>>> print(open('model_11.cif').read())   # mmCIF, C-alpha atoms
data_target
loop_
_atom_site.label_atom_id
_atom_site.label_comp_id
_atom_site.auth_asym_id
_atom_site.auth_seq_id
_atom_site.Cartn_x
_atom_site.Cartn_y
_atom_site.Cartn_z
CA MET A 1 -9.05 -31.47 5.29
CA ILE A 2 -11.56 -30.34 2.74
CA THR A 3 -13.23 -33.24 1.04
CA LYS A 4 -16.30 -31.75 -0.63
CA ILE A 5 -16.93 -28.21 -1.77
CA THR A 6 -20.65 -27.67 -1.58
CA THR A 7 -21.64 -24.42 0.12
CA PRO A 8 -21.47 -21.13 -1.79
CA VAL A 9 -18.96 -19.73 0.70
CA GLU A 10 -16.50 -22.51 -0.11
CA VAL A 11 -16.92 -22.01 -3.85
CA ALA A 12 -16.41 -18.26 -3.37
CA ALA A 13 -13.31 -18.90 -1.26
CA ILE A 14 -11.82 -21.10 -3.99
CA ILE A 15 -12.59 -18.46 -6.65
CA SER A 16 -11.08 -15.70 -4.53
CA LEU A 17 -7.98 -17.81 -3.87
CA LEU A 18 -7.50 -18.25 -7.62
CA LEU A 19 -7.96 -14.50 -8.26
CA ILE A 20 -5.50 -13.57 -5.51
CA PHE A 21 -2.94 -16.08 -6.78
CA MET A 22 -3.14 -14.51 -10.25
CA ALA A 23 -2.64 -11.07 -8.68
CA LEU A 24 0.32 -12.47 -6.73
CA VAL A 25 1.95 -13.70 -9.95
CA LEU A 26 1.49 -10.29 -11.61
CA THR A 27 2.89 -8.51 -8.56
CA PHE A 28 5.90 -10.83 -8.49
CA ILE A 29 6.61 -9.99 -12.14
CA ARG A 30 6.55 -6.28 -11.28
CA MET A 31 8.77 -6.85 -8.26
CA ILE A 32 11.37 -8.58 -10.41
CA LEU A 33 11.13 -6.20 -13.38
CA GLY A 34 10.61 -2.96 -11.48
CA PRO A 35 12.86 -0.33 -13.04
CA SER A 36 13.44 1.60 -9.84
CA LEU A 37 13.62 0.73 -6.16
CA PRO A 38 10.29 2.42 -5.19
CA ASP A 39 8.52 0.16 -7.71
CA LYS A 40 9.83 -2.90 -5.94
CA ILE A 41 8.82 -1.54 -2.53
CA VAL A 42 5.28 -0.82 -3.77
CA ALA A 43 5.11 -4.39 -5.07
CA LEU A 44 6.35 -5.72 -1.72
CA ASP A 45 3.68 -3.75 0.12
CA LEU A 46 1.01 -5.12 -2.22
CA ILE A 47 2.27 -8.69 -1.66
CA ALA A 48 1.65 -8.32 2.09
CA MET A 49 -1.93 -7.16 1.41
CA LEU A 50 -2.48 -10.07 -0.96
CA VAL A 51 -1.27 -12.50 1.70
CA VAL A 52 -3.86 -10.94 4.04
CA GLY A 53 -6.48 -11.77 1.39
CA ILE A 54 -5.17 -15.35 1.09
CA ILE A 55 -5.44 -15.84 4.86
CA ILE A 56 -9.02 -14.53 4.91
CA SER A 57 -10.01 -16.84 2.05
CA TYR A 58 -8.43 -19.78 3.85
CA VAL A 59 -10.31 -18.91 7.05
CA ALA A 60 -13.58 -18.85 5.11
CA LEU A 61 -12.67 -22.18 3.51
CA SER A 62 -11.53 -24.13 6.56
CA LYS A 63 -13.49 -22.30 9.30
CA GLN A 64 -10.39 -22.18 11.51
CA ILE A 65 -10.87 -18.72 12.99
CA VAL A 66 -7.54 -18.86 14.82
CA TYR A 67 -5.73 -17.78 11.66
CA LEU A 68 -7.38 -14.36 11.81
CA ASN A 69 -4.84 -13.44 14.49
CA ALA A 70 -2.09 -13.57 11.89
CA ILE A 71 -3.67 -10.73 9.91
CA VAL A 72 -3.07 -8.16 12.64
CA LEU A 73 0.64 -8.96 12.79
CA LEU A 74 0.96 -9.09 9.01
CA ALA A 75 -0.65 -5.67 8.52
CA LEU A 76 1.56 -4.18 11.25
CA ILE A 77 4.77 -5.64 9.84
CA ALA A 78 3.92 -4.57 6.27
CA PHE A 79 3.29 -0.99 7.44
CA LEU A 80 6.51 -0.84 9.46
CA GLY A 81 8.54 -2.34 6.60
CA THR A 82 7.21 0.14 4.06
CA VAL A 83 7.80 3.10 6.36
CA ALA A 84 11.35 1.93 7.08
CA PHE A 85 12.10 1.48 3.38
CA ALA A 86 10.69 4.91 2.50
CA ARG A 87 12.66 6.59 5.28
CA TYR A 88 15.81 4.82 4.15
CA LEU A 89 15.23 5.88 0.53
CA GLU A 90 14.74 9.51 1.50
CA LYS A 91 17.56 9.97 3.98
CA ARG A 92 19.85 7.03 3.14
CA ILE A 93 20.14 6.51 6.91
CA LEU A 94 17.90 4.32 9.06
CA MET B 1 -28.69 -19.16 3.80
CA ILE B 2 -28.85 -15.55 2.65
CA ILE B 3 -25.89 -14.73 4.89
CA GLU B 4 -23.82 -17.35 3.07
CA TRP B 5 -24.66 -15.77 -0.28
CA ILE B 6 -23.78 -12.29 1.04
CA THR B 7 -20.47 -13.67 2.33
CA ALA B 8 -19.72 -15.35 -1.01
CA VAL B 9 -20.43 -12.17 -2.99
CA LEU B 10 -18.31 -10.03 -0.65
CA LEU B 11 -15.41 -12.51 -0.80
CA VAL B 12 -15.35 -12.65 -4.59
CA LEU B 13 -15.75 -8.88 -4.86
CA GLY B 14 -12.83 -8.26 -2.50
CA ALA B 15 -10.64 -10.78 -4.31
CA PHE B 16 -11.60 -9.15 -7.62
CA PHE B 17 -10.44 -5.76 -6.31
CA MET B 18 -7.17 -7.36 -5.20
CA PHE B 19 -6.78 -8.84 -8.69
CA LEU B 20 -7.33 -5.36 -10.13
CA ALA B 21 -4.56 -4.08 -7.86
CA GLY B 22 -2.19 -6.74 -9.20
CA LEU B 23 -3.18 -5.97 -12.78
CA GLY B 24 -2.71 -2.26 -12.22
CA ILE B 25 0.72 -2.64 -10.67
CA LEU B 26 1.85 -4.57 -13.72
CA ARG B 27 0.23 -2.46 -16.43
CA PHE B 28 0.55 1.15 -15.26
CA PRO B 29 3.47 3.12 -16.67
CA ASP B 30 4.81 4.99 -13.66
CA VAL B 31 5.65 4.64 -9.95
CA PHE B 32 2.94 7.05 -8.85
CA THR B 33 0.19 5.52 -10.97
CA ARG B 34 1.25 2.06 -9.79
CA MET B 35 0.98 3.30 -6.21
CA HIS B 36 -2.49 4.66 -7.02
CA ALA B 37 -3.53 1.20 -8.22
CA ALA B 38 -1.86 -0.84 -5.50
CA THR B 39 -2.74 1.04 -2.33
CA LYS B 40 -6.38 1.94 -2.79
CA ALA B 41 -7.64 -1.18 -4.53
CA SER B 42 -5.86 -3.59 -2.20
CA SER B 43 -7.01 -1.89 1.02
CA PHE B 44 -10.58 -1.73 -0.30
CA GLY B 45 -10.45 -5.43 -1.20
CA ALA B 46 -9.08 -6.39 2.21
CA GLY B 47 -11.85 -4.35 3.86
CA LEU B 48 -14.54 -6.13 1.84
CA MET B 49 -13.11 -9.56 2.67
CA LEU B 50 -12.93 -8.74 6.39
CA ILE B 51 -16.57 -7.59 6.29
CA ALA B 52 -17.34 -10.97 4.71
CA THR B 53 -15.75 -12.78 7.68
CA ILE B 54 -17.76 -10.62 10.09
CA ALA B 55 -20.99 -11.53 8.29
CA TYR B 56 -20.10 -15.22 8.06
CA PHE B 57 -18.96 -16.15 11.57
CA GLN B 58 -21.06 -13.67 13.61
CA GLN B 59 -18.98 -13.77 16.78
CA PHE B 60 -18.08 -10.84 18.99
CA PHE B 61 -14.37 -11.67 18.97
CA ILE B 62 -14.22 -11.73 15.18
CA LEU B 63 -16.22 -8.50 14.95
CA ILE B 64 -13.75 -6.68 17.20
CA GLU B 65 -10.65 -8.10 15.54
CA SER B 66 -11.82 -7.50 11.96
CA LEU B 67 -12.94 -3.93 12.71
CA LEU B 68 -9.54 -3.31 14.32
CA VAL B 69 -7.72 -4.58 11.24
CA ILE B 70 -9.94 -2.57 8.86
CA ILE B 71 -9.35 0.65 10.82
CA PHE B 72 -5.63 -0.10 11.03
CA ILE B 73 -5.31 -0.75 7.29
CA PHE B 74 -7.30 2.36 6.36
CA PHE B 75 -5.15 4.50 8.65
CA THR B 76 -1.73 3.12 7.73
CA ALA B 77 -1.97 2.56 3.96
CA PRO B 78 -2.17 6.32 3.10
CA VAL B 79 0.69 7.14 5.48
CA ALA B 80 2.98 4.47 4.04
CA SER B 81 2.21 5.31 0.43
CA HIS B 82 2.60 9.03 1.06
CA MET B 83 6.05 8.50 2.55
CA LEU B 84 6.99 6.25 -0.36
CA GLY B 85 5.70 8.70 -2.97
CA ARG B 86 7.60 11.58 -1.38
CA ALA B 87 10.79 9.51 -1.34
CA ALA B 88 10.25 8.52 -4.99
CA TYR B 89 9.67 12.14 -6.01
CA LEU B 90 12.79 13.30 -4.20
CA LEU B 91 14.80 10.51 -5.82
CA ARG B 92 13.73 11.91 -9.24
CA VAL B 93 12.12 8.67 -10.35
CA PRO B 94 11.08 9.33 -13.97
CA ILE B 95 7.48 10.45 -14.39
CA TRP B 96 5.37 9.08 -17.23
CA SER B 97 5.92 10.98 -20.49
CA GLY B 98 2.19 11.59 -20.91
CA THR B 99 1.88 13.52 -17.66
CA ILE B 100 0.09 16.83 -18.24
CA ILE B 101 0.87 18.71 -15.03
CA ASP B 102 3.38 18.17 -12.25
CA GLN B 103 2.21 20.40 -9.43
CA LEU B 104 5.25 19.77 -7.28
CA GLN B 105 7.65 20.88 -9.99
CA GLU B 106 10.44 23.12 -8.65
CA LYS B 107 8.73 23.46 -5.30
CA TYR B 108 10.91 21.07 -3.32
CA ASN B 109 14.09 22.39 -1.82
CA LEU B 110 16.33 19.52 -2.79
CA HIS B 111 18.85 20.18 -0.02
CA THR B 112 16.54 20.44 2.97
CA HIS B 113 13.67 18.31 1.49
CA GLN B 114 11.18 21.02 2.42
CA LEU B 115 8.11 21.79 0.35
CA ALA B 116 7.42 25.46 -0.40
CA SER B 117 4.29 27.04 -1.83
CA GLU B 118 6.31 29.17 -4.29
CA LYS B 119 8.78 28.12 -6.91
CA LYS B 120 12.17 26.79 -5.94
CA THR B 121 14.10 29.83 -7.26
CA ILE B 122 12.82 32.09 -4.47
CA ASN B 123 13.37 29.31 -2.03
CA MET B 124 16.94 28.81 -3.18
CA GLU B 125 17.66 32.55 -2.84
CA ILE B 126 16.42 32.49 0.72
CA SER B 127 18.55 29.50 1.52
CA ALA B 128 21.57 31.15 -0.14
CA LYS B 129 20.99 34.26 2.03
CA ASP B 130 20.80 32.07 5.10
CA LEU B 131 24.04 30.39 4.11
CA LYS B 132 25.73 33.78 3.66
CA VAL B 133 24.48 34.95 7.05
CA LYS B 134 25.77 31.76 8.64
CA ILE B 135 29.17 32.14 6.95
CA ILE B 136 29.42 35.79 8.05
CA LYS B 137 28.55 34.82 11.62
CA LYS B 138 31.23 32.13 11.57
CA GLN B 139 33.80 34.60 10.22
CA LYS B 140 32.91 37.12 12.95
CA LYS B 141 33.42 34.47 15.56
#
>>> encode(input="model_11.cif", output="structure tokens")
Amino acid sequence: MITKITTPVEVAAIISLLLIFMALVLTFIRMILGPSLPDKIVALDLIAMLVVGIIISYVALSKQIVYLNAIVLLALIAFLGTVAFARYLEKRIL
Amino acid sequence: MIIEWITAVLLVLGAFFMFLAGLGILRFPDVFTRMHAATKASSFGAGLMLIATIAYFQQFFILIESLLVIIFIFFTAPVASHMLGRAAYLLRVPIWSGTIIDQLQEKYNLHTHQLASEKKTINMEISAKDLKVKIIKKQKK
């Protein structure tokens, strides 16, 4: 648990969490509105990158370095998902 | 102490670039410009934040893992967005009305999805000739 926020790294982590949450809200709006399917896939790809940023901010806030392992898997899965979506869009076959 | 300040500045800078990516994906008028905002700004922001973790914790394990993730992101983000942009162009997703030049115009063979360096008309003639040759061969058989 975080009781006091004193060091500059913790303040910076809180600020970056707020910024990334605002970006997440904007990206969600685009993912819902998106006029075409590629728009929604671009938004989905960006959401994975923003979650990577959230995890890094949380690691800097709580000093639990174990969570850094999740970033590798998240980046890999986001790449594979985007490539699969793009291939499906182009050929209509997976 | 100075390392903490460097970490704080890098964290906020990376998060600011990610916020710019979110702003760009909402405000830009077109799939391709949205992709331009989303891919580059978000991978740059993630790279800055990973460099911040390297500077903050100063362990060998974190150095290796963060460098691995940075290299992975900077290799895969262009590939993924290129595939997505090609698919969007072939799907005829509408381009912004203020676009001045479309350099891929009439250069894609829409049947085979191949990109030619000349205009599509020549390309289509060649493909029509190929089709005729194939039909003639089939008739001979």
>>> resolve_selection(input="model_11.cif", expression="the PyMOL selection byres ((chain A and resi 37) around 12)", output="list in words")
Arg30, Met31, Ile32, Leu33, Gly34, Pro35, Ser36, Pro38, Asp39, Lys40, Ile41, Val42, Ala43, Leu44, Phe85, Ala86, Tyr88, Leu89 and Glu90 of chain A; Val31, Leu84, Gly85, Ala87, Ala88, Leu91, Arg92, Val93 and Pro94 of chain B
>>> closest_residue(input="model_11.cif", among="B:Ile2, B:Met35, B:Leu115, B:Leu90", to="Pro78 in chain B", atoms="all atoms listed in the file")
B:Met35
>>> resolve_selection(input="model_11.cif", expression="the PyMOL selection byres ((chain B) within 7 of (chain A))", output="PDB file with C-alpha atoms, in the coordinates of the input")
ATOM      1  CA  GLU B   4     -23.820 -17.350   3.070  1.00  0.00           C
ATOM      2  CA  TRP B   5     -24.660 -15.770  -0.280  1.00  0.00           C
ATOM      3  CA  THR B   7     -20.470 -13.670   2.330  1.00  0.00           C
ATOM      4  CA  ALA B   8     -19.720 -15.350  -1.010  1.00  0.00           C
ATOM      5  CA  LEU B  11     -15.410 -12.510  -0.800  1.00  0.00           C
ATOM      6  CA  VAL B  12     -15.350 -12.650  -4.590  1.00  0.00           C
ATOM      7  CA  ALA B  15     -10.640 -10.780  -4.310  1.00  0.00           C
ATOM      8  CA  PHE B  16     -11.600  -9.150  -7.620  1.00  0.00           C
ATOM      9  CA  MET B  18      -7.170  -7.360  -5.200  1.00  0.00           C
ATOM     10  CA  PHE B  19      -6.780  -8.840  -8.690  1.00  0.00           C
ATOM     11  CA  GLY B  22      -2.190  -6.740  -9.200  1.00  0.00           C
ATOM     12  CA  LEU B  23      -3.180  -5.970 -12.780  1.00  0.00           C
ATOM     13  CA  ILE B  25       0.720  -2.640 -10.670  1.00  0.00           C
ATOM     14  CA  LEU B  26       1.850  -4.570 -13.720  1.00  0.00           C
ATOM     15  CA  VAL B  31       5.650   4.640  -9.950  1.00  0.00           C
ATOM     16  CA  MET B  35       0.980   3.300  -6.210  1.00  0.00           C
ATOM     17  CA  ALA B  38      -1.860  -0.840  -5.500  1.00  0.00           C
ATOM     18  CA  SER B  42      -5.860  -3.590  -2.200  1.00  0.00           C
ATOM     19  CA  ALA B  46      -9.080  -6.390   2.210  1.00  0.00           C
ATOM     20  CA  MET B  49     -13.110  -9.560   2.670  1.00  0.00           C
ATOM     21  CA  THR B  53     -15.750 -12.780   7.680  1.00  0.00           C
ATOM     22  CA  VAL B  69      -7.720  -4.580  11.240  1.00  0.00           C
ATOM     23  CA  ILE B  73      -5.310  -0.750   7.290  1.00  0.00           C
ATOM     24  CA  THR B  76      -1.730   3.120   7.730  1.00  0.00           C
ATOM     25  CA  ALA B  80       2.980   4.470   4.040  1.00  0.00           C
ATOM     26  CA  MET B  83       6.050   8.500   2.550  1.00  0.00           C
ATOM     27  CA  LEU B  84       6.990   6.250  -0.360  1.00  0.00           C
ATOM     28  CA  ALA B  87      10.790   9.510  -1.340  1.00  0.00           C
ATOM     29  CA  ALA B  88      10.250   8.520  -4.990  1.00  0.00           C
TER      30      ALA B  88
END
>>> residues_around(input="model_11.cif", residues="Trp96 in chain B", least_positions_apart="2", cutoff="10 Å", atoms="all atoms listed in the file", output="PyMOL selection string")
chain B and resi 28-33+93-94+98-100
>>> axis_aligned_box(input="model_11.cif", around="range 29-46 of chain A", padding_each_side="5 Å", output="lines of an AutoDock Vina configuration file")
center_x = 7.3
center_y = -3.8
center_z = -6.6
size_x = 22.6
size_y = 22.4
size_z = 23.5
>>> closest_residue(input="model_11.cif", among="B:Phe60, B:Ala116, B:Gly47, B:Tyr108", to="Phe72 in chain B", atoms="only C-alpha atoms")
B:Gly47
>>> atom_distance(input="model_11.cif", atom1="CA of Leu63 in chain B", atom2="CA of Thr39 in chain B")
23.9 Å
